[in-house]
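Below is final.cif, which holds mmCIF, C-alpha atoms (C1' of nucleotides).
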data_coords
#
loop_
_atom_site.label_atom_id
_atom_site.label_comp_id
_atom_site.auth_asym_id
_atom_site.auth_seq_id
_atom_site.Cartn_x
_atom_site.Cartn_y
_atom_site.Cartn_z
CA MET A 18 -19.07 -32.97 -6.36
CA THR A 19 -16.13 -35.22 -5.89
CA THR A 20 -13.60 -32.86 -4.47
CA THR A 21 -11.19 -35.52 -3.47
CA GLU A 22 -7.86 -34.34 -4.82
CA LEU A 23 -8.98 -30.97 -6.05
CA THR A 24 -6.36 -28.35 -5.42
CA ALA A 25 -7.18 -24.86 -4.32
CA GLN A 26 -6.30 -23.56 -7.72
CA GLU A 27 -8.63 -25.89 -9.48
CA ARG A 28 -11.35 -24.88 -7.12
CA TRP A 29 -10.76 -21.23 -7.84
CA GLN A 30 -10.93 -21.96 -11.52
CA ALA A 31 -14.19 -23.74 -11.05
CA ILE A 32 -15.52 -20.75 -9.18
CA ALA A 33 -14.25 -18.38 -11.82
CA ALA A 34 -15.96 -20.46 -14.46
CA HIS A 35 -19.18 -20.00 -12.61
CA HIS A 36 -18.73 -16.27 -12.68
CA GLY A 37 -19.13 -16.31 -16.41
CA GLY A 38 -22.68 -17.51 -16.12
CA PRO A 39 -25.82 -15.64 -15.16
CA GLU A 40 -25.29 -16.10 -11.47
CA PRO A 41 -27.51 -18.82 -10.13
CA ILE A 42 -26.90 -18.93 -6.42
CA ASP A 43 -28.11 -22.44 -6.17
CA ALA A 44 -27.08 -25.58 -4.43
CA ASP A 45 -24.41 -26.27 -7.03
CA LEU A 46 -22.72 -23.01 -6.37
CA LEU A 47 -22.94 -23.31 -2.64
CA CYS A 48 -21.51 -26.76 -2.94
CA LEU A 49 -18.70 -25.44 -5.05
CA LEU A 50 -17.99 -22.80 -2.51
CA ASP A 51 -18.10 -25.06 0.42
CA LEU A 52 -15.13 -26.92 1.64
CA PRO A 53 -14.66 -30.41 0.40
CA ASP A 54 -16.37 -32.66 2.86
CA ASP A 55 -13.58 -35.17 2.97
CA LEU A 56 -11.21 -32.88 4.77
CA PRO A 57 -9.32 -34.33 7.67
CA GLU A 58 -10.60 -33.05 10.98
CA ARG A 59 -7.32 -31.44 11.80
CA MET A 60 -4.85 -30.03 9.39
CA THR A 61 -1.37 -28.66 9.52
CA ILE A 62 -0.73 -25.17 8.31
CA ALA A 63 0.66 -26.53 5.06
CA GLU A 64 -2.50 -28.47 4.38
CA ALA A 65 -4.62 -25.48 5.27
CA ALA A 66 -2.57 -23.34 2.95
CA ASP A 67 -3.05 -25.88 0.19
CA VAL A 68 -6.77 -26.05 0.67
CA THR A 69 -7.33 -22.31 0.93
CA GLY A 70 -4.81 -21.20 -1.65
CA LEU A 71 -3.22 -18.83 0.85
CA THR A 72 0.35 -19.05 2.03
CA ALA A 73 1.30 -20.30 5.47
CA HIS A 74 2.66 -16.81 6.08
CA THR A 75 -0.73 -15.30 5.41
CA LEU A 76 -2.50 -17.86 7.54
CA ARG A 77 -0.26 -17.00 10.48
CA TYR A 78 -0.82 -13.34 9.78
CA TYR A 79 -4.57 -13.76 9.81
CA GLU A 80 -4.32 -15.47 13.13
CA ARG A 81 -2.05 -12.78 14.51
CA ILE A 82 -4.48 -10.03 13.67
CA GLY A 83 -7.34 -11.98 15.16
CA LEU A 84 -9.28 -12.97 12.07
CA VAL A 85 -9.26 -16.57 13.17
CA ARG A 86 -8.33 -18.58 16.23
CA VAL A 87 -6.39 -21.74 15.68
CA GLU A 88 -5.69 -24.50 18.17
CA ARG A 89 -2.34 -26.11 18.74
CA ASP A 90 -1.56 -29.79 18.93
CA ASP A 91 0.62 -31.29 21.63
CA THR A 92 3.78 -30.33 19.77
CA GLY A 93 2.68 -26.68 19.55
CA TYR A 94 1.86 -26.87 15.87
CA ARG A 95 -1.20 -25.12 14.53
CA SER A 96 -4.07 -27.49 14.02
CA TYR A 97 -6.78 -26.24 11.70
CA ASP A 98 -10.20 -27.75 12.08
CA ARG A 99 -13.14 -27.35 9.73
CA ARG A 100 -14.45 -24.35 11.56
CA ALA A 101 -11.18 -22.52 11.23
CA LEU A 102 -10.92 -23.53 7.61
CA ALA A 103 -14.43 -22.42 6.83
CA ARG A 104 -13.76 -19.13 8.50
CA ILE A 105 -10.60 -18.59 6.52
CA VAL A 106 -12.35 -19.40 3.29
CA PHE A 107 -15.05 -16.95 4.17
CA VAL A 108 -12.53 -14.26 5.00
CA THR A 109 -10.86 -14.90 1.70
CA ARG A 110 -14.12 -14.52 -0.09
CA LEU A 111 -14.72 -11.14 1.47
CA ARG A 112 -11.15 -10.02 0.88
CA VAL A 113 -11.27 -11.07 -2.74
CA SER A 114 -14.38 -9.03 -3.19
CA GLY A 115 -12.38 -6.03 -2.04
CA MET A 116 -13.45 -5.69 1.55
CA PRO A 117 -10.73 -4.24 3.77
CA ILE A 118 -9.43 -6.44 6.55
CA GLY A 119 -10.74 -4.03 9.16
CA THR A 120 -14.26 -4.44 7.85
CA VAL A 121 -13.93 -8.18 7.65
CA SER A 122 -12.77 -8.11 11.23
CA HIS A 123 -15.73 -6.01 12.23
CA TYR A 124 -18.06 -8.37 10.46
CA LEU A 125 -16.59 -11.34 12.28
CA ASP A 126 -16.91 -9.53 15.57
CA LEU A 127 -20.59 -9.14 14.81
CA VAL A 128 -20.81 -12.83 14.07
CA GLU A 129 -19.26 -13.67 17.42
CA GLU A 130 -21.55 -11.28 19.14
CA GLY A 131 -24.45 -13.46 18.25
CA GLU A 132 -27.46 -13.96 16.14
CA HIS A 133 -29.03 -10.62 16.89
CA THR A 134 -26.40 -8.78 14.85
CA GLY A 135 -27.75 -10.28 11.65
CA PRO A 136 -29.27 -7.02 10.44
CA GLN A 137 -26.05 -5.12 11.09
CA ARG A 138 -24.12 -7.71 9.15
CA LEU A 139 -26.52 -7.50 6.32
CA ALA A 140 -26.26 -3.72 6.32
CA LEU A 141 -22.49 -3.95 6.30
CA MET A 142 -22.56 -6.28 3.34
CA GLU A 143 -25.00 -4.14 1.48
CA GLU A 144 -22.85 -1.11 2.07
CA HIS A 145 -19.93 -3.00 0.68
CA ARG A 146 -21.92 -4.11 -2.31
CA ALA A 147 -22.92 -0.53 -2.92
CA ARG A 148 -19.29 0.51 -2.88
CA ILE A 149 -18.40 -2.09 -5.44
CA LYS A 150 -21.30 -1.09 -7.60
CA GLN A 151 -20.07 2.46 -7.38
CA GLN A 152 -16.68 1.27 -8.51
CA LEU A 153 -18.23 -0.49 -11.42
CA HIS A 154 -20.13 2.63 -12.28
CA ASP A 155 -16.97 4.71 -12.09
CA LEU A 156 -15.25 2.30 -14.38
CA GLN A 157 -18.06 2.41 -16.86
CA LEU A 158 -17.83 6.16 -16.87
CA ALA A 159 -14.13 5.95 -17.55
CA LEU A 160 -14.79 3.41 -20.24
CA ALA A 161 -17.43 5.57 -21.79
CA VAL A 162 -15.13 8.54 -21.89
CA THR A 163 -12.38 6.43 -23.35
CA ASP A 164 -14.58 4.86 -25.95
CA TYR A 165 -15.85 8.29 -26.78
CA LYS A 166 -12.37 9.59 -27.25
CA ILE A 167 -11.35 6.63 -29.30
CA THR A 168 -14.31 6.68 -31.59
CA VAL A 169 -14.62 10.41 -31.95
CA TYR A 170 -11.03 11.53 -31.85
CA GLY A 171 -9.50 8.31 -33.03
CA GLY A 172 -8.03 7.78 -29.62
CA THR A 173 -5.75 10.73 -29.72
CA ALA A 174 -4.01 12.88 -27.29
CA GLU A 175 -5.32 13.80 -23.93
CA PRO A 176 -8.04 11.95 -22.23
CA MET B 13 -18.72 17.60 -30.84
CA THR B 14 -18.88 19.51 -34.05
CA THR B 15 -15.71 21.35 -33.15
CA THR B 16 -13.86 18.11 -33.40
CA GLU B 17 -12.69 18.53 -36.92
CA LEU B 18 -9.41 19.06 -35.25
CA THR B 19 -7.45 16.07 -36.40
CA ALA B 20 -5.42 13.78 -34.26
CA GLN B 21 -2.25 15.21 -35.74
CA GLU B 22 -3.23 18.75 -35.02
CA ARG B 23 -4.05 18.00 -31.49
CA TRP B 24 -0.88 16.06 -31.02
CA GLN B 25 1.22 18.74 -32.61
CA ALA B 26 -0.24 21.23 -30.24
CA ILE B 27 1.06 19.15 -27.38
CA ALA B 28 4.39 18.46 -28.98
CA ALA B 29 4.84 22.15 -29.62
CA HIS B 30 5.09 22.50 -25.89
CA HIS B 31 1.84 24.17 -25.58
CA GLY B 32 1.74 26.41 -28.55
CA GLY B 33 -1.82 27.60 -28.94
CA PRO B 34 -5.19 27.48 -27.29
CA GLU B 35 -6.56 24.11 -28.18
CA PRO B 36 -10.12 23.78 -27.03
CA ILE B 37 -11.22 20.59 -25.45
CA ASP B 38 -14.76 20.72 -26.49
CA ALA B 39 -17.60 21.48 -24.19
CA ASP B 40 -19.25 18.10 -24.52
CA LEU B 41 -16.17 16.32 -23.41
CA LEU B 42 -15.68 18.66 -20.53
CA CYS B 43 -19.21 17.93 -19.58
CA LEU B 44 -18.56 14.23 -19.80
CA LEU B 45 -15.61 14.69 -17.54
CA ASP B 46 -17.71 16.65 -15.11
CA LEU B 47 -15.55 19.71 -15.33
CA PRO B 48 -17.37 22.98 -15.08
CA ASP B 49 -17.12 24.74 -18.41
CA ASP B 50 -16.40 28.11 -16.88
CA LEU B 51 -12.92 27.21 -15.82
CA PRO B 52 -10.22 29.83 -16.10
CA GLU B 53 -7.62 29.07 -18.72
CA ARG B 54 -4.87 28.74 -16.19
CA MET B 55 -5.19 27.75 -12.63
CA THR B 56 -2.97 27.61 -9.60
CA ILE B 57 -2.49 24.34 -7.82
CA ALA B 58 -4.97 25.39 -5.18
CA GLU B 59 -7.64 26.03 -7.78
CA ALA B 60 -6.85 22.77 -9.50
CA ALA B 61 -7.08 20.96 -6.20
CA ASP B 62 -10.40 22.61 -5.57
CA VAL B 63 -11.79 21.66 -8.95
CA THR B 64 -10.55 18.08 -8.91
CA GLY B 65 -11.13 17.35 -5.28
CA LEU B 66 -7.56 16.15 -4.87
CA THR B 67 -5.07 17.75 -2.54
CA ALA B 68 -2.25 19.91 -3.81
CA HIS B 69 0.06 17.26 -2.40
CA THR B 70 -1.53 14.63 -4.58
CA LEU B 71 -1.43 16.86 -7.63
CA ARG B 72 2.31 17.37 -7.14
CA TYR B 73 2.70 13.66 -6.60
CA TYR B 74 0.90 12.85 -9.82
CA GLU B 75 3.17 15.20 -11.66
CA ARG B 76 6.25 13.72 -10.01
CA ILE B 77 5.39 10.22 -11.09
CA GLY B 78 4.70 11.42 -14.61
CA LEU B 79 0.95 11.08 -14.80
CA VAL B 80 0.62 14.64 -15.99
CA ARG B 81 2.88 17.45 -17.13
CA VAL B 82 2.21 20.89 -15.78
CA GLU B 83 3.67 24.14 -16.97
CA ARG B 84 5.07 26.82 -14.74
CA ASP B 85 4.32 30.50 -14.85
CA ASP B 86 7.02 33.15 -14.69
CA THR B 87 7.24 32.87 -10.93
CA GLY B 88 7.80 29.14 -11.13
CA TYR B 89 4.34 28.28 -9.89
CA ARG B 90 2.42 25.42 -11.45
CA SER B 91 -0.09 26.58 -14.00
CA TYR B 92 -2.83 24.09 -14.81
CA ASP B 93 -4.62 24.48 -18.11
CA ARG B 94 -7.76 22.70 -19.20
CA ARG B 95 -5.82 19.93 -20.80
CA ALA B 96 -3.93 19.17 -17.63
CA LEU B 97 -7.14 19.40 -15.67
CA ALA B 98 -8.97 17.06 -17.98
CA ARG B 99 -6.14 14.60 -17.75
CA ILE B 100 -6.15 14.72 -13.99
CA VAL B 101 -9.86 14.20 -13.87
CA PHE B 102 -9.51 11.27 -16.18
CA VAL B 103 -6.77 9.78 -14.06
CA THR B 104 -8.96 10.24 -11.03
CA ARG B 105 -11.78 8.43 -12.70
CA LEU B 106 -9.59 5.47 -13.47
CA ARG B 107 -8.08 5.48 -10.00
CA VAL B 108 -11.46 5.68 -8.36
CA SER B 109 -12.61 2.74 -10.40
CA GLY B 110 -9.77 0.79 -8.85
CA MET B 111 -7.16 0.87 -11.56
CA PRO B 112 -3.62 0.82 -10.15
CA ILE B 113 -1.46 3.83 -10.89
CA GLY B 114 0.92 1.68 -12.88
CA THR B 115 -1.86 0.69 -15.23
CA VAL B 116 -3.11 4.23 -15.56
CA SER B 117 0.42 5.23 -16.38
CA HIS B 118 0.66 2.52 -18.99
CA TYR B 119 -2.59 3.63 -20.48
CA LEU B 120 -1.41 7.21 -20.71
CA ASP B 121 1.83 6.05 -22.29
CA LEU B 122 -0.26 4.37 -24.95
CA VAL B 123 -2.15 7.60 -25.44
CA GLU B 124 1.06 9.51 -25.95
CA GLU B 125 2.33 6.88 -28.30
CA GLY B 126 -0.33 7.83 -30.73
CA GLU B 127 -3.53 6.93 -32.36
CA HIS B 128 -2.55 3.46 -33.40
CA THR B 129 -2.61 2.23 -29.82
CA GLY B 130 -6.37 2.60 -29.64
CA PRO B 131 -7.05 -1.12 -29.68
CA GLN B 132 -4.52 -1.77 -26.94
CA ARG B 133 -6.13 0.90 -24.83
CA LEU B 134 -9.52 -0.55 -25.42
CA ALA B 135 -8.24 -3.99 -24.48
CA LEU B 136 -6.69 -2.59 -21.34
CA MET B 137 -9.92 -0.93 -20.35
CA GLU B 138 -11.93 -4.01 -21.06
CA GLU B 139 -9.58 -6.09 -19.00
CA HIS B 140 -10.04 -3.66 -16.17
CA ARG B 141 -13.76 -3.70 -16.56
CA ALA B 142 -13.70 -7.45 -16.45
CA ARG B 143 -11.72 -7.31 -13.23
CA ILE B 144 -14.21 -5.00 -11.64
CA LYS B 145 -17.08 -7.15 -12.76
CA GLN B 146 -15.29 -10.08 -11.22
CA GLN B 147 -15.02 -8.14 -7.99
CA LEU B 148 -18.68 -7.38 -8.08
CA HIS B 149 -19.38 -11.00 -8.65
CA ASP B 150 -17.15 -12.06 -5.81
CA LEU B 151 -19.02 -9.72 -3.58
CA GLN B 152 -22.36 -11.03 -4.67
CA LEU B 153 -21.09 -14.48 -3.97
CA ALA B 154 -20.03 -13.48 -0.49
CA LEU B 155 -23.36 -11.78 0.03
CA ALA B 156 -25.23 -14.80 -1.15
CA VAL B 157 -23.31 -17.08 1.13
CA THR B 158 -23.85 -14.73 4.01
CA ASP B 159 -27.54 -14.37 3.35
CA TYR B 160 -27.75 -18.11 3.04
CA LYS B 161 -26.04 -18.58 6.37
CA ILE B 162 -28.17 -16.00 8.03
CA THR B 163 -31.43 -17.32 6.74
CA VAL B 164 -30.65 -20.98 7.04
CA TYR B 165 -28.55 -21.11 10.16
CA GLY B 166 -29.94 -18.04 11.78
CA GLY B 167 -26.68 -16.24 11.27
CA THR B 168 -24.90 -18.23 13.89
CA ALA B 169 -21.30 -18.90 14.52
CA GLU B 170 -18.88 -19.54 11.76
CA PRO B 171 -19.39 -18.34 8.28
"C1'" DC C 25 23.85 -39.16 15.00
"C1'" DT C 26 23.36 -36.00 11.70
"C1'" DT C 27 20.72 -34.20 8.00
"C1'" DT C 28 16.31 -32.69 6.06
"C1'" DG C 29 12.32 -30.52 6.49
"C1'" DC C 30 8.45 -28.51 8.40
"C1'" DG C 31 6.96 -26.15 12.26
"C1'" DT C 32 7.31 -22.19 15.83
"C1'" DT C 33 8.14 -17.12 17.28
"C1'" DT C 34 9.13 -12.06 16.98
"C1'" DG C 35 10.01 -8.56 14.24
"C1'" DA C 36 11.51 -6.35 10.19
"C1'" DG C 37 10.74 -5.16 5.17
"C1'" DC C 38 8.13 -4.05 1.06
"C1'" DG C 39 5.08 -2.05 -2.63
"C1'" DC C 40 1.38 0.99 -3.12
"C1'" DG C 41 -0.60 5.44 -2.90
"C1'" DC C 42 -0.57 8.95 -0.93
"C1'" DT C 43 0.54 12.55 2.93
"C1'" DC C 44 3.31 15.42 5.26
"C1'" DT C 45 7.68 17.99 6.72
"C1'" DA C 46 11.51 21.01 6.22
"C1'" DA C 47 13.59 24.69 4.26
"C1'" DG C 48 13.09 28.30 1.55
"C1'" DG C 49 11.18 32.11 -2.27
"C1'" DC C 50 7.92 35.64 -3.49
"C1'" DG C 51 4.23 39.14 -2.86
"C1'" DT C 52 0.83 41.74 -0.57
"C1'" DA C 53 -0.95 44.01 4.08
"C1'" DC C 54 -0.06 46.45 8.02
"C1'" DG D 23 10.32 46.24 7.84
"C1'" DT D 24 8.10 42.17 8.74
"C1'" DA D 25 4.46 39.09 9.16
"C1'" DC D 26 1.50 36.19 6.53
"C1'" DG D 27 0.25 33.14 3.18
"C1'" DC D 28 0.76 30.52 -0.82
"C1'" DC D 29 4.04 28.61 -3.62
"C1'" DT D 30 8.48 25.65 -4.54
"C1'" DT D 31 11.61 21.38 -3.78
"C1'" DA D 32 13.51 16.92 -2.04
"C1'" DG D 33 12.64 13.60 0.86
"C1'" DA D 34 10.65 11.25 4.91
"C1'" DG D 35 6.58 8.90 6.93
"C1'" DC D 36 2.36 6.24 7.04
"C1'" DG D 37 -1.43 2.68 6.76
"C1'" DC D 38 -2.53 -1.42 4.47
"C1'" DG D 39 -1.81 -6.18 3.51
"C1'" DC D 40 1.00 -9.02 3.24
"C1'" DT D 41 5.90 -11.28 2.92
"C1'" DC D 42 10.06 -12.63 4.51
"C1'" DA D 43 14.11 -13.35 7.83
"C1'" DA D 44 16.34 -15.02 11.94
"C1'" DA D 45 16.72 -18.18 15.25
"C1'" DC D 46 15.14 -21.98 17.06
"C1'" DG D 47 12.30 -26.88 18.06
"C1'" DC D 48 11.16 -31.41 16.88
"C1'" DA D 49 11.04 -35.69 14.27
"C1'" DA D 50 11.53 -39.09 10.90
"C1'" DA D 51 15.19 -40.81 7.14
"C1'" DG D 52 19.68 -42.26 5.87
#
Is it possible to express this structure as structure tokens?
Amino acid sequence: MTTTELTAQERWQAIAAHHGGPEPIDADLLCLLDLPDDLPERMTIAEAADVTGLTAHTLRYYERIGLVRVERDDTGYRSYDRRALARIVFVTRLRVSGMPIGTVSHYLDLVEEGEHTGPQRLALMEEHRARIKQQLHDLQLALAVTDYKITVYGGTAEP
Amino acid sequence: MTTTELTAQERWQAIAAHHGGPEPIDADLLCLLDLPDDLPERMTIAEAADVTGLTAHTLRYYERIGLVRVERDDTGYRSYDRRALARIVFVTRLRVSGMPIGTVSHYLDLVEEGEHTGPQRLALMEEHRARIKQQLHDLQLALAVTDYKITVYGGTAEP
DNA sequence: CTTTGCGTTTGAGCGCGCTCTAAGGCGTAC
DNA sequence: GTACGCCTTAGAGCGCGCTCAAACGCAAAG
């Protein structure tokens, strides 16, 4: 995909569009989710913010709390490389899916710890998925009750 | 469900009359809401907390922010009836499914506004459901990417 | 040379959703 | 009587996840 001047927002929209479909986790999707491959090797915080859709404030915050390490150039400015960018995008993905920062942090610790933590990571993700599924279930229950009320009582009064 | 020949007006009048008579929320609905059907008519805050699984603090908080109105007995103590209980359980269900309090509040305002807001309520719920589904999807995306990384790259380094 | 503009830092502030404290009233048990 | 325990209130505090402010550095444009 020619991601040349695609803004973060457009990319999000593209991703959102994919969500409508029946979820093929194929090369297309992975490509969509990956960073554009024409990124400069080193980016300023403003560029990183633009690419990720986060604010510079948030990027600094993420660094402060240890979610990502970022190098400095000779003037002391943050210099984001692809690794850092990829990491931030990944963090964002987890966050957006509702994972608390603490858990994300834990996950990344596992990543740093090495390959052998794969199973733990998987378990962590599956736990998270289970939580979200539970949420969905809870919502459907609420919906069911609501629909019931609306159809049976005409949507009156107390839930 | 057969006891539901109570019309919307009747039920609403019962509320408007500042708790005039014993209006039965029917057993099926109670069941749907997971409330035991052997509840006392009036409960203290401790009993209500016990039944709902919330703390007394939270119950007072919910009342303070207007999510539910609770009567007082002659000593000034809160006295939860089935209606209040059902409402609290409903609120809890929405909250647990991730709906912000503000939205719950809005929803309940619509309920109080009367029967004609049914469609709006439905829309609100469907919007919420869509959001949750989006969350689930985001998670699955994250999971997929993670699994992909783990299987393809051996779970190394940067996400 | 000054203005502008983006960068840096530390640290404070905010909205949410509780959660708890303080100060006090009432009622039963010893 | 008084201790205990549950209730009341208004209001403060907290953890999360940002979000912004203050004070300053550096560097190219006019």
### Message
Would you mind listing, as an NGL selection string, all residues of chain D that have at least one atom within 12 Å of chain A, where all atoms listed in the file are what counts?
### Response
:D and (37-42 or 47-49)
Taking only C-alpha atoms (C1' of nucleotides) into account, produce a table as a tab-separated table in which each residue of chain C with an atom at most 12 Å from an atom of chain A appears once, together with its shortest atom pair and the distance in Å to one decimal, ordered by chain and rising number.
residue	atom	partner	partner_atom	distance
C:DC30	C1'	A:Ala63	CA	8.7
C:DG31	C1'	A:Tyr94	CA	6.3
C:DT32	C1'	A:Tyr94	CA	7.2
C:DT33	C1'	A:Arg77	CA	10.8
C:DT34	C1'	A:Arg81	CA	11.5
### Task
Given the file shown, determine the residues that the PyMOL selection byres ((chain B and resi 54) around 9) selects; report them as number ranges by chain.
B: 51-53, 55-56, 91-94
### Task
Could you tell me which of B:Arg76, B:Arg143, B:Arg99, B:His118 comes closest to chain A if we count all atoms listed in the file?
B:Arg99
### Task
Would you please work out which residue, of D:DA34, D:DA43, D:DA50, D:DA25, is nearest to DG37 (chain C) when using all atoms listed in the file?
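Among the listed residues, D:DA43 lies closest to DG37 (chain C).
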### Top pick for closest residue to chain B, considering A:Leu102, A:Val113, A:Ala66, A:Leu141 and counting all atoms listed in the file
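With all atoms listed in the file as the atom set, the closest residue is A:Val113.
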### Query
Distance CA of Ser109 (chain B)-CA of Leu160 (chain A), one decimal place?
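Here the two named atoms are 10.1 Å from each other.
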### Task
Quote the spacing between CA of Arg146 (chain A) and CA of Glu129 (chain A) in Å to one decimal place.
22.1 Å
#### Entry: Result set, the PyMOL selection byres ((chain C and resi 25) around 12) on current file, as a count of residues only
4
### Message
When the PyMOL selection byres ((chain D and resi 27) around 10) is applied to the structure above, which residues does it catch, written out as a PyMOL selection string?
### Response
(chain C and resi 51-52) or (chain D and resi 25-26+28-29)
### Point-to-point distance in Å for CA of Thr109 (chain A) and CA of Gly70 (chain A)
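Separation between CA of Gly70 (chain A) and CA of Thr109 (chain A): 9.4 Å.
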